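Following: one structure in structure tokens, then a few remarks.
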Amino acid sequence: MTSIYRTPEGRDTIGRWCAQQFDAWAIPHERRVIRAHGHDTHLLTAGAGPVTVVLVAGDRFSPAAYLPLLTALARQYRVAAADIPGQPGLSSDAADVAGGGLTWYGAWLNAVVEEATTGPVVLFGHSFGGAVTLAAEHPRVSGTVAVAPGGLCRLTVTPRVLLAFLGWLVRPRAASSLRLLRLLSAPGRTPRAELVEWMTLVARHTRPVSADDLVPAATRTVPVVIASGQHDVFLPPDRLRSAAEQRLQLDVDIIPAAGHLVTDEHPDTLAALVGRFVD
């Protein structure tokens, strides 16, 4: 099996970072590994309530890098956060999971819902995780919140973003990670030190896999909320609105003073979107 990690030591380094973040997290929680769609999947659960919010992280991210959002969700709901196989984190490190594209990831998420929940579910995905939630269909899902989701249109990559991305890959250090994260944030925002550290480790130690196909343009039976930051460099508001209208016949909630990392910038605002389905 080919691994997404460059070395076994790199895999251990990423695993330790995630475990340290969870160990220091003030919210009581449980961690376990489940088997979902043929792959070991790390699952974190926290909070309580009749509705479970299933969180799916973005490309090159792990739930351990989403603690502000997890905190906001766990204060109101039971939350289950699963590391995507083939992405840096605590799930399977197999590099051959993307062959089935979003169809595969949707089936994987359906298996997570089946294994990790018993009552009503709201799916919550960010970036690539948003595309995964839009590809899933499980009878217990009562709604989906897709934040800055992939899968609706091709991402916009400006020369400035491309240069920062390539610099981050070629010279993975704190300075290049900070430069990239600042472009993914709203103007004037300083990314958390933990995110800078995470991005540096990811560039040094991993070659993650994901899918870049688009979700089918079809009528969904599950209600969906699409949200994104006003200053998202990958998904400018007009472009995302047009794509959401064409593929899902939906408008988009644009969150002011937020970038692609709106999950870190406005976690309480995003957690409140879940209430549209719960209420």
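Labels for the structure tokens follow display order: chains A, B, ..., residues from 1 in each chain, ligands from 1.
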Discussion item. Residues within 6 Å of stretch 194-208 of chain A, please, as a list in words. Count only C-alpha atoms; anything in the same chain fewer than 4 positions from it doesn't count.
Written reply: Ile4, Tyr5, Arg6, Gly10, Gly86, Gln87, Leu169, Pro172, Arg173, Ser177 and Leu178 of chain A
Worksheet entry | In stretch 32-195 of chain A, DSSP strand (DSSP E) residues written as number ranges by chain | A: 32-36, 39-46, 52-56, 78-82, 121-126, 141-147
Item to complete: Write out as JSON, numbers by chain which residues come within 8 Å of stretch 76-83 of chain A when counting only C-alpha atoms, dropping same-chain ones fewer than 2 positions away.
Response: {"A": [41, 42, 43, 44, 45, 46, 47, 48, 49, 50, 51, 52, 53, 54, 55, 56, 57, 62, 63, 70, 72, 73, 74, 85, 87, 89, 90, 91, 112, 116]}
Worksheet entry | DSSP-assigned helix (DSSP H, G or I) among stretch 116-274 of chain A, expressed as number ranges by chain | A: 116, 128-135, 159-170, 174-183, 193-205, 237-248, 262-265, 267-274
Show me, as JSON lines, the residues of stretch 57-146 of chain A having an atom within 9 Å of stretch 250-263 of chain A, each with the closest atom pair and its distance in Å, using only C-alpha atoms.
```
{"residue": "A:Tyr66", "atom": "CA", "partner": "A:Thr263", "partner_atom": "CA", "distance": 7.4}
{"residue": "A:Pro68", "atom": "CA", "partner": "A:Thr263", "partner_atom": "CA", "distance": 7.8}
{"residue": "A:Leu69", "atom": "CA", "partner": "A:Thr263", "partner_atom": "CA", "distance": 6.1}
{"residue": "A:His126", "atom": "CA", "partner": "A:Thr263", "partner_atom": "CA", "distance": 7.6}
{"residue": "A:Ser127", "atom": "CA", "partner": "A:His260", "partner_atom": "CA", "distance": 8.1}
```
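The space separating atom CA of A:Gly101 from atom CA of A:Asp213 comes to 6.5 Å.
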Discussion item. Between atom CA of A:Asp40 and atom CA of A:Val132, what distance in Å does the model show, to one decimal?
Written reply: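 Distance reported for this atom pair: 17.4 Å.
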Worksheet item: Separation of atom CA of A:Arg192 and atom CA of A:Cys18, in Å?
Response: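 Going from atom CA of A:Arg192 over to atom CA of A:Cys18 covers 15.3 Å.
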Discussion item. Given only C-alpha atoms as the basis, pick out the residue of A:Gly15, A:Thr156, A:Asp264, A:Gly106 nearest to A:Thr190.
Written reply: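 Ranking A:Gly15, A:Thr156, A:Asp264, A:Gly106 by distance to A:Thr190, first place goes to A:Asp264.
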Worksheet item: Which one of A:Pro223, A:Gly38, A:Gly167, A:Gly130 sits closest to A:Val97 if you count only C-alpha atoms?
Response: A:Gly38
